[in-house]
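data-v2.cif (mmCIF, N, CA and C atoms, pLDDT in the B column; chains and numbers go by the auth columns)
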data_final
loop_
_atom_site.group_PDB
_atom_site.id
_atom_site.type_symbol
_atom_site.label_atom_id
_atom_site.label_comp_id
_atom_site.label_asym_id
_atom_site.label_seq_id
_atom_site.Cartn_x
_atom_site.Cartn_y
_atom_site.Cartn_z
_atom_site.B_iso_or_equiv
_atom_site.auth_seq_id
_atom_site.auth_asym_id
ATOM 1 N N MET A 1 6.876 2.632 13.558 79.00 12 C
ATOM 2 C CA MET A 1 7.043 2.247 12.178 79.00 12 C
ATOM 3 C C MET A 1 8.111 3.115 11.503 79.00 12 C
ATOM 4 N N ASN A 2 8.196 4.374 11.892 87.00 13 C
ATOM 5 C CA ASN A 2 9.221 5.234 11.298 87.00 13 C
ATOM 6 C C ASN A 2 10.623 4.757 11.644 87.00 13 C
ATOM 7 N N LYS A 3 10.812 4.303 12.896 92.00 14 C
ATOM 8 C CA LYS A 3 12.118 3.794 13.316 92.00 14 C
ATOM 9 C C LYS A 3 12.469 2.521 12.552 92.00 14 C
ATOM 10 N N SER A 4 11.470 1.684 12.295 91.00 15 C
ATOM 11 C CA SER A 4 11.697 0.445 11.549 91.00 15 C
ATOM 12 C C SER A 4 12.123 0.761 10.119 91.00 15 C
ATOM 13 N N GLY A 5 11.472 1.744 9.513 92.00 16 C
ATOM 14 C CA GLY A 5 11.819 2.156 8.155 92.00 16 C
ATOM 15 C C GLY A 5 13.222 2.738 8.083 92.00 16 C
ATOM 16 N N ALA A 6 13.572 3.528 9.096 93.00 17 C
ATOM 17 C CA ALA A 6 14.913 4.115 9.142 93.00 17 C
ATOM 18 C C ALA A 6 15.978 3.028 9.289 93.00 17 C
ATOM 19 N N LYS A 7 15.667 2.005 10.081 95.00 18 C
ATOM 20 C CA LYS A 7 16.602 0.895 10.275 95.00 18 C
ATOM 21 C C LYS A 7 16.819 0.129 8.960 95.00 18 C
ATOM 22 N N GLU A 8 15.723 -0.146 8.246 94.00 19 C
ATOM 23 C CA GLU A 8 15.824 -0.835 6.951 94.00 19 C
ATOM 24 C C GLU A 8 16.603 0.028 5.945 94.00 19 C
ATOM 25 N N ARG A 9 16.359 1.331 5.977 94.00 20 C
ATOM 26 C CA ARG A 9 17.044 2.259 5.070 94.00 20 C
ATOM 27 C C ARG A 9 18.547 2.257 5.341 94.00 20 C
ATOM 28 N N GLN A 10 18.917 2.365 6.619 95.00 21 C
ATOM 29 C CA GLN A 10 20.333 2.376 6.983 95.00 21 C
ATOM 30 C C GLN A 10 21.028 1.088 6.567 95.00 21 C
ATOM 31 N N ALA A 11 20.360 -0.048 6.746 95.00 22 C
ATOM 32 C CA ALA A 11 20.943 -1.335 6.357 95.00 22 C
ATOM 33 C C ALA A 11 21.172 -1.382 4.850 95.00 22 C
ATOM 34 N N ALA A 12 20.203 -0.875 4.079 95.00 23 C
ATOM 35 C CA ALA A 12 20.343 -0.863 2.616 95.00 23 C
ATOM 36 C C ALA A 12 21.496 0.043 2.191 95.00 23 C
ATOM 37 N N LEU A 13 21.625 1.200 2.828 95.00 24 C
ATOM 38 C CA LEU A 13 22.726 2.103 2.510 95.00 24 C
ATOM 39 C C LEU A 13 24.074 1.469 2.869 95.00 24 C
ATOM 40 N N TYR A 14 24.140 0.818 4.015 96.00 25 C
ATOM 41 C CA TYR A 14 25.367 0.159 4.460 96.00 25 C
ATOM 42 C C TYR A 14 25.790 -0.940 3.481 96.00 25 C
ATOM 43 N N GLU A 15 24.788 -1.670 2.953 95.00 26 C
ATOM 44 C CA GLU A 15 25.054 -2.751 2.007 95.00 26 C
ATOM 45 C C GLU A 15 25.272 -2.245 0.580 95.00 26 C
ATOM 46 N N GLY A 16 25.050 -0.942 0.361 95.00 27 C
ATOM 47 C CA GLY A 16 25.226 -0.372 -0.974 95.00 27 C
ATOM 48 C C GLY A 16 24.080 -0.682 -1.927 95.00 27 C
ATOM 49 N N ARG A 17 22.924 -0.992 -1.380 95.00 28 C
ATOM 50 C CA ARG A 17 21.757 -1.319 -2.197 95.00 28 C
ATOM 51 C C ARG A 17 20.961 -0.048 -2.462 95.00 28 C
ATOM 52 N N ILE A 18 21.361 0.702 -3.483 95.00 29 C
ATOM 53 C CA ILE A 18 20.700 1.949 -3.829 95.00 29 C
ATOM 54 C C ILE A 18 20.504 2.027 -5.336 95.00 29 C
ATOM 55 N N THR A 19 19.528 2.839 -5.744 94.00 30 C
ATOM 56 C CA THR A 19 19.297 3.066 -7.174 94.00 30 C
ATOM 57 C C THR A 19 20.310 4.086 -7.679 94.00 30 C
ATOM 58 N N GLU A 20 20.284 4.336 -8.982 95.00 31 C
ATOM 59 C CA GLU A 20 21.177 5.338 -9.560 95.00 31 C
ATOM 60 C C GLU A 20 20.883 6.735 -9.004 95.00 31 C
ATOM 61 N N GLU A 21 19.631 6.941 -8.552 95.00 32 C
ATOM 62 C CA GLU A 21 19.250 8.231 -7.988 95.00 32 C
ATOM 63 C C GLU A 21 19.580 8.338 -6.499 95.00 32 C
ATOM 64 N N GLY A 22 20.115 7.269 -5.903 92.00 33 C
ATOM 65 C CA GLY A 22 20.480 7.280 -4.499 92.00 33 C
ATOM 66 C C GLY A 22 19.379 6.847 -3.547 92.00 33 C
ATOM 67 N N ILE A 23 18.314 6.240 -4.075 93.00 34 C
ATOM 68 C CA ILE A 23 17.206 5.777 -3.240 93.00 34 C
ATOM 69 C C ILE A 23 17.507 4.367 -2.732 93.00 34 C
ATOM 70 N N PRO A 24 17.448 4.154 -1.401 95.00 35 C
ATOM 71 C CA PRO A 24 17.731 2.816 -0.857 95.00 35 C
ATOM 72 C C PRO A 24 16.714 1.778 -1.342 95.00 35 C
ATOM 73 N N ILE A 25 17.195 0.580 -1.621 95.00 36 C
ATOM 74 C CA ILE A 25 16.340 -0.527 -2.042 95.00 36 C
ATOM 75 C C ILE A 25 16.207 -1.484 -0.863 95.00 36 C
ATOM 76 N N ILE A 26 14.966 -1.696 -0.407 94.00 37 C
ATOM 77 C CA ILE A 26 14.746 -2.628 0.698 94.00 37 C
ATOM 78 C C ILE A 26 13.788 -3.725 0.251 94.00 37 C
ATOM 79 N N ASP A 27 13.984 -4.906 0.793 94.00 38 C
ATOM 80 C CA ASP A 27 13.078 -6.024 0.523 94.00 38 C
ATOM 81 C C ASP A 27 11.970 -6.009 1.555 94.00 38 C
ATOM 82 N N VAL A 28 10.755 -6.253 1.100 95.00 39 C
ATOM 83 C CA VAL A 28 9.602 -6.266 1.996 95.00 39 C
ATOM 84 C C VAL A 28 8.720 -7.470 1.701 95.00 39 C
ATOM 85 N N VAL A 29 7.881 -7.792 2.667 95.00 40 C
ATOM 86 C CA VAL A 29 6.833 -8.792 2.506 95.00 40 C
ATOM 87 C C VAL A 29 5.523 -8.057 2.764 95.00 40 C
ATOM 88 N N ALA A 30 4.565 -8.202 1.847 94.00 41 C
ATOM 89 C CA ALA A 30 3.284 -7.513 1.989 94.00 41 C
ATOM 90 C C ALA A 30 2.146 -8.522 1.928 94.00 41 C
ATOM 91 N N ASP A 31 1.107 -8.260 2.700 93.00 42 C
ATOM 92 C CA ASP A 31 -0.068 -9.118 2.687 93.00 42 C
ATOM 93 C C ASP A 31 -1.273 -8.292 3.101 93.00 42 C
ATOM 94 N N GLY A 32 -2.430 -8.737 2.696 89.00 43 C
ATOM 95 C CA GLY A 32 -3.640 -8.034 3.052 89.00 43 C
ATOM 96 C C GLY A 32 -4.866 -8.891 2.820 89.00 43 C
ATOM 97 N N TYR A 33 -6.009 -8.364 3.210 85.00 44 C
ATOM 98 C CA TYR A 33 -7.268 -9.074 2.992 85.00 44 C
ATOM 99 C C TYR A 33 -8.361 -8.058 2.717 85.00 44 C
ATOM 100 N N TRP A 34 -9.393 -8.503 2.077 78.00 45 C
ATOM 101 C CA TRP A 34 -10.572 -7.691 1.837 78.00 45 C
ATOM 102 C C TRP A 34 -11.782 -8.558 2.113 78.00 45 C
ATOM 103 N N SER A 35 -12.623 -8.119 2.988 74.00 46 C
ATOM 104 C CA SER A 35 -13.792 -8.898 3.378 74.00 46 C
ATOM 105 C C SER A 35 -14.775 -9.003 2.223 74.00 46 C
ATOM 106 N N LYS A 36 -15.340 -10.165 2.045 72.00 47 C
ATOM 107 C CA LYS A 36 -16.354 -10.342 1.009 72.00 47 C
ATOM 108 C C LYS A 36 -17.742 -10.565 1.596 72.00 47 C
ATOM 109 N N LYS A 37 -17.836 -10.683 2.913 67.00 48 C
ATOM 110 C CA LYS A 37 -19.138 -10.927 3.524 67.00 48 C
ATOM 111 C C LYS A 37 -19.930 -9.624 3.594 67.00 48 C
ATOM 112 N N SER A 38 -21.117 -9.630 3.054 60.00 49 C
ATOM 113 C CA SER A 38 -21.943 -8.425 3.120 60.00 49 C
ATOM 114 C C SER A 38 -23.413 -8.778 3.302 60.00 49 C
ATOM 115 N N TYR A 39 -23.669 -9.837 4.021 65.00 50 C
ATOM 116 C CA TYR A 39 -25.022 -10.238 4.385 65.00 50 C
ATOM 117 C C TYR A 39 -25.944 -10.394 3.170 65.00 50 C
ATOM 118 N N LYS A 40 -25.470 -11.166 2.193 64.00 51 C
ATOM 119 C CA LYS A 40 -26.244 -11.578 1.013 64.00 51 C
ATOM 120 C C LYS A 40 -26.736 -10.424 0.148 64.00 51 C
ATOM 121 N N THR A 41 -25.975 -9.323 0.094 65.00 52 C
ATOM 122 C CA THR A 41 -26.396 -8.241 -0.794 65.00 52 C
ATOM 123 C C THR A 41 -25.574 -8.260 -2.081 65.00 52 C
ATOM 124 N N ASN A 42 -24.311 -7.878 -2.015 65.00 53 C
ATOM 125 C CA ASN A 42 -23.483 -7.911 -3.225 65.00 53 C
ATOM 126 C C ASN A 42 -22.130 -8.582 -2.991 65.00 53 C
ATOM 127 N N TYR A 43 -21.911 -9.111 -1.815 62.00 54 C
ATOM 128 C CA TYR A 43 -20.679 -9.837 -1.455 62.00 54 C
ATOM 129 C C TYR A 43 -19.422 -9.013 -1.715 62.00 54 C
ATOM 130 N N SER A 44 -19.463 -7.749 -1.405 66.00 55 C
ATOM 131 C CA SER A 44 -18.307 -6.879 -1.544 66.00 55 C
ATOM 132 C C SER A 44 -18.329 -5.853 -0.414 66.00 55 C
ATOM 133 N N ALA A 45 -18.049 -6.294 0.778 69.00 56 C
ATOM 134 C CA ALA A 45 -18.081 -5.423 1.957 69.00 56 C
ATOM 135 C C ALA A 45 -16.886 -4.470 1.956 69.00 56 C
ATOM 136 N N LEU A 46 -16.932 -3.451 2.791 71.00 57 C
ATOM 137 C CA LEU A 46 -15.893 -2.433 2.819 71.00 57 C
ATOM 138 C C LEU A 46 -14.667 -2.754 3.680 71.00 57 C
ATOM 139 N N PRO A 47 -14.775 -3.492 4.792 78.00 58 C
ATOM 140 C CA PRO A 47 -13.608 -3.689 5.648 78.00 58 C
ATOM 141 C C PRO A 47 -12.469 -4.458 4.985 78.00 58 C
ATOM 142 N N GLY A 48 -11.238 -4.034 5.300 82.00 59 C
ATOM 143 C CA GLY A 48 -10.047 -4.696 4.796 82.00 59 C
ATOM 144 C C GLY A 48 -8.822 -4.203 5.549 82.00 59 C
ATOM 145 N N ALA A 49 -7.689 -4.843 5.346 86.00 60 C
ATOM 146 C CA ALA A 49 -6.449 -4.449 6.008 86.00 60 C
ATOM 147 C C ALA A 49 -5.255 -4.901 5.178 86.00 60 C
ATOM 148 N N ALA A 50 -4.128 -4.220 5.355 89.00 61 C
ATOM 149 C CA ALA A 50 -2.892 -4.588 4.662 89.00 61 C
ATOM 150 C C ALA A 50 -1.702 -4.243 5.555 89.00 61 C
ATOM 151 N N ALA A 51 -0.624 -4.995 5.386 92.00 62 C
ATOM 152 C CA ALA A 51 0.597 -4.748 6.153 92.00 62 C
ATOM 153 C C ALA A 51 1.809 -4.934 5.263 92.00 62 C
ATOM 154 N N ILE A 52 2.829 -4.118 5.490 93.00 63 C
ATOM 155 C CA ILE A 52 4.119 -4.266 4.820 93.00 63 C
ATOM 156 C C ILE A 52 5.161 -4.434 5.906 93.00 63 C
ATOM 157 N N ILE A 53 5.956 -5.502 5.796 94.00 64 C
ATOM 158 C CA ILE A 53 6.958 -5.837 6.805 94.00 64 C
ATOM 159 C C ILE A 53 8.326 -5.866 6.134 94.00 64 C
ATOM 160 N N GLY A 54 9.309 -5.211 6.757 94.00 65 C
ATOM 161 C CA GLY A 54 10.669 -5.221 6.238 94.00 65 C
ATOM 162 C C GLY A 54 11.270 -6.607 6.381 94.00 65 C
ATOM 163 N N LYS A 55 11.838 -7.109 5.290 94.00 66 C
ATOM 164 C CA LYS A 55 12.383 -8.463 5.305 94.00 66 C
ATOM 165 C C LYS A 55 13.683 -8.556 6.112 94.00 66 C
ATOM 166 N N GLY A 56 14.436 -7.480 6.155 92.00 67 C
ATOM 167 C CA GLY A 56 15.721 -7.496 6.850 92.00 67 C
ATOM 168 C C GLY A 56 15.598 -7.701 8.346 92.00 67 C
ATOM 169 N N PHE A 57 14.662 -6.988 8.986 93.00 68 C
ATOM 170 C CA PHE A 57 14.527 -7.043 10.440 93.00 68 C
ATOM 171 C C PHE A 57 13.183 -7.606 10.896 93.00 68 C
ATOM 172 N N GLY A 58 12.252 -7.810 9.967 93.00 69 C
ATOM 173 C CA GLY A 58 10.955 -8.377 10.318 93.00 69 C
ATOM 174 C C GLY A 58 10.055 -7.444 11.103 93.00 69 C
ATOM 175 N N GLU A 59 10.241 -6.144 10.935 93.00 70 C
ATOM 176 C CA GLU A 59 9.438 -5.166 11.658 93.00 70 C
ATOM 177 C C GLU A 59 8.407 -4.531 10.732 93.00 70 C
ATOM 178 N N VAL A 60 7.288 -4.097 11.298 92.00 71 C
ATOM 179 C CA VAL A 60 6.198 -3.523 10.517 92.00 71 C
ATOM 180 C C VAL A 60 6.601 -2.140 9.998 92.00 71 C
ATOM 181 N N LEU A 61 6.470 -1.956 8.674 92.00 72 C
ATOM 182 C CA LEU A 61 6.752 -0.669 8.052 92.00 72 C
ATOM 183 C C LEU A 61 5.473 0.094 7.740 92.00 72 C
ATOM 184 N N PHE A 62 4.391 -0.622 7.501 91.00 73 C
ATOM 185 C CA PHE A 62 3.109 0.002 7.194 91.00 73 C
ATOM 186 C C PHE A 62 1.984 -0.921 7.635 91.00 73 C
ATOM 187 N N LEU A 63 0.944 -0.332 8.196 90.00 74 C
ATOM 188 C CA LEU A 63 -0.244 -1.086 8.566 90.00 74 C
ATOM 189 C C LEU A 63 -1.446 -0.217 8.235 90.00 74 C
ATOM 190 N N GLY A 64 -2.301 -0.703 7.364 88.00 75 C
ATOM 191 C CA GLY A 64 -3.483 0.051 6.969 88.00 75 C
ATOM 192 C C GLY A 64 -4.740 -0.744 7.223 88.00 75 C
ATOM 193 N N VAL A 65 -5.759 -0.086 7.754 85.00 76 C
ATOM 194 C CA VAL A 65 -7.029 -0.740 8.039 85.00 76 C
ATOM 195 C C VAL A 65 -8.148 0.130 7.494 85.00 76 C
ATOM 196 N N CYS A 66 -9.066 -0.486 6.790 79.00 77 C
ATOM 197 C CA CYS A 66 -10.258 0.212 6.303 79.00 77 C
ATOM 198 C C CYS A 66 -11.453 -0.460 6.949 79.00 77 C
ATOM 199 N N ALA A 67 -12.096 0.247 7.842 75.00 78 C
ATOM 200 C CA ALA A 67 -13.247 -0.319 8.545 75.00 78 C
ATOM 201 C C ALA A 67 -14.388 0.678 8.475 75.00 78 C
ATOM 202 N N ALA A 68 -14.935 0.840 7.301 64.00 79 C
ATOM 203 C CA ALA A 68 -16.038 1.791 7.121 64.00 79 C
ATOM 204 C C ALA A 68 -17.274 1.282 7.843 64.00 79 C
ATOM 205 N N PRO A 69 -18.009 2.180 8.466 58.00 80 C
ATOM 206 C CA PRO A 69 -19.217 1.750 9.179 58.00 80 C
ATOM 207 C C PRO A 69 -20.315 1.291 8.224 58.00 80 C
ATOM 208 N N SER A 70 -21.122 0.390 8.694 51.00 81 C
ATOM 209 C CA SER A 70 -22.223 -0.110 7.870 51.00 81 C
ATOM 210 C C SER A 70 -23.375 0.885 7.874 51.00 81 C
ATOM 211 N N ARG A 71 -24.322 0.702 6.978 51.00 82 C
ATOM 212 C CA ARG A 71 -25.487 1.581 6.929 51.00 82 C
ATOM 213 C C ARG A 71 -26.311 1.478 8.206 51.00 82 C
ATOM 214 N N VAL A 72 -26.378 0.287 8.785 48.00 83 C
ATOM 215 C CA VAL A 72 -27.136 0.103 10.022 48.00 83 C
ATOM 216 C C VAL A 72 -26.491 0.912 11.143 48.00 83 C
ATOM 217 N N ALA A 73 -25.160 0.847 11.249 46.00 84 C
ATOM 218 C CA ALA A 73 -24.461 1.575 12.306 46.00 84 C
ATOM 219 C C ALA A 73 -24.604 3.080 12.127 46.00 84 C
ATOM 220 N N THR A 74 -24.483 3.576 10.893 46.00 85 C
ATOM 221 C CA THR A 74 -24.562 5.014 10.682 46.00 85 C
ATOM 222 C C THR A 74 -25.962 5.557 10.884 46.00 85 C
ATOM 223 N N SER A 75 -26.985 4.718 10.758 45.00 86 C
ATOM 224 C CA SER A 75 -28.350 5.214 10.947 45.00 86 C
ATOM 225 C C SER A 75 -28.629 5.528 12.415 45.00 86 C
ATOM 226 N N HIS A 76 -27.802 5.015 13.318 44.00 87 C
ATOM 227 C CA HIS A 76 -27.999 5.236 14.748 44.00 87 C
ATOM 228 C C HIS A 76 -27.044 6.287 15.325 44.00 87 C
ATOM 229 N N ILE A 77 -26.214 6.876 14.475 44.00 88 C
ATOM 230 C CA ILE A 77 -25.242 7.865 14.932 44.00 88 C
ATOM 231 C C ILE A 77 -25.858 9.262 14.755 44.00 88 C
ATOM 232 N N THR A 78 -25.764 10.053 15.812 46.00 89 C
ATOM 233 C CA THR A 78 -26.211 11.442 15.704 46.00 89 C
ATOM 234 C C THR A 78 -25.001 12.348 15.870 46.00 89 C
ATOM 235 N N THR A 79 -24.972 13.405 15.109 44.00 90 C
ATOM 236 C CA THR A 79 -23.846 14.340 15.170 44.00 90 C
ATOM 237 C C THR A 79 -24.295 15.637 15.820 44.00 90 C
ATOM 238 N N THR A 80 -23.519 16.091 16.788 43.00 91 C
ATOM 239 C CA THR A 80 -23.817 17.374 17.412 43.00 91 C
ATOM 240 C C THR A 80 -22.632 18.294 17.176 43.00 91 C
ATOM 241 N N VAL A 81 -22.922 19.514 16.848 44.00 92 C
ATOM 242 C CA VAL A 81 -21.886 20.512 16.603 44.00 92 C
ATOM 243 C C VAL A 81 -21.742 21.352 17.858 44.00 92 C
ATOM 244 N N PRO A 82 -20.511 21.406 18.442 46.00 93 C
ATOM 245 C CA PRO A 82 -20.326 22.196 19.650 46.00 93 C
ATOM 246 C C PRO A 82 -20.515 23.686 19.364 46.00 93 C
ATOM 247 N N GLY A 83 -20.975 24.420 20.344 42.00 94 C
ATOM 248 C CA GLY A 83 -21.076 25.853 20.142 42.00 94 C
ATOM 249 C C GLY A 83 -22.313 26.367 20.668 42.00 94 C
#

Is it possible to give me this structure as structure tokens?
Amino acid sequence: MNKSGAKERQAALYEGRITEEGIPIIDVVADGYWSKKSYKTNYSALPGAAAIIGKGFGEVLFLGVCAAPSRVATSHITTTVPG
């Protein structure tokens, strides 16, 4: 993803697409989702994801995933401290 961002940055600099402060301006496409299924409790579950893709080259610049464990899953997890 860092290489993709650098490529988009270089293209913007080459095209002269910069702010007055010298920050490159790149076009992106962003999309995401947030799960609403929560087994008939409050319909606002925790899992979700988002992605930002550079429009110039179509490469992923950012990918974020939130997949918090459910209460059922955490009740079966035991933590051991080494030592």

One decimal, Å: what's the distance from CA of Leu74 (chain C) over to atom N of Leu24 (chain C), could you say? 22.7 Å

With all atoms listed in the file as the basis for distance, which of C:Lys47, C:Ile34, C:Met12, C:Glu19 is at the shortest distance from Phe68 (chain C)? C:Glu19

For Ala62 (chain C), find every residue with an atom within 6 Å (counting only N, CA and C atoms), except residues of its own chain fewer than 3 positions away, and show them as a list in words. Val40, Ala41, Asp42, Gly43, Phe73, Leu74 and Gly75 of chain C

Which residues, written as an MDAnalysis selection string, have at least one atom at most 7 Å from Ile37 (chain C), with only N, CA and C atoms counted and residues fewer than 2 positions away on the same chain left out? chainID C and resid 19:20 23 28 34:35 39 65:66

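A straight line drawn from atom C of Val76 (chain C) to atom C of Ile36 (chain C) is 25.8 Å long.
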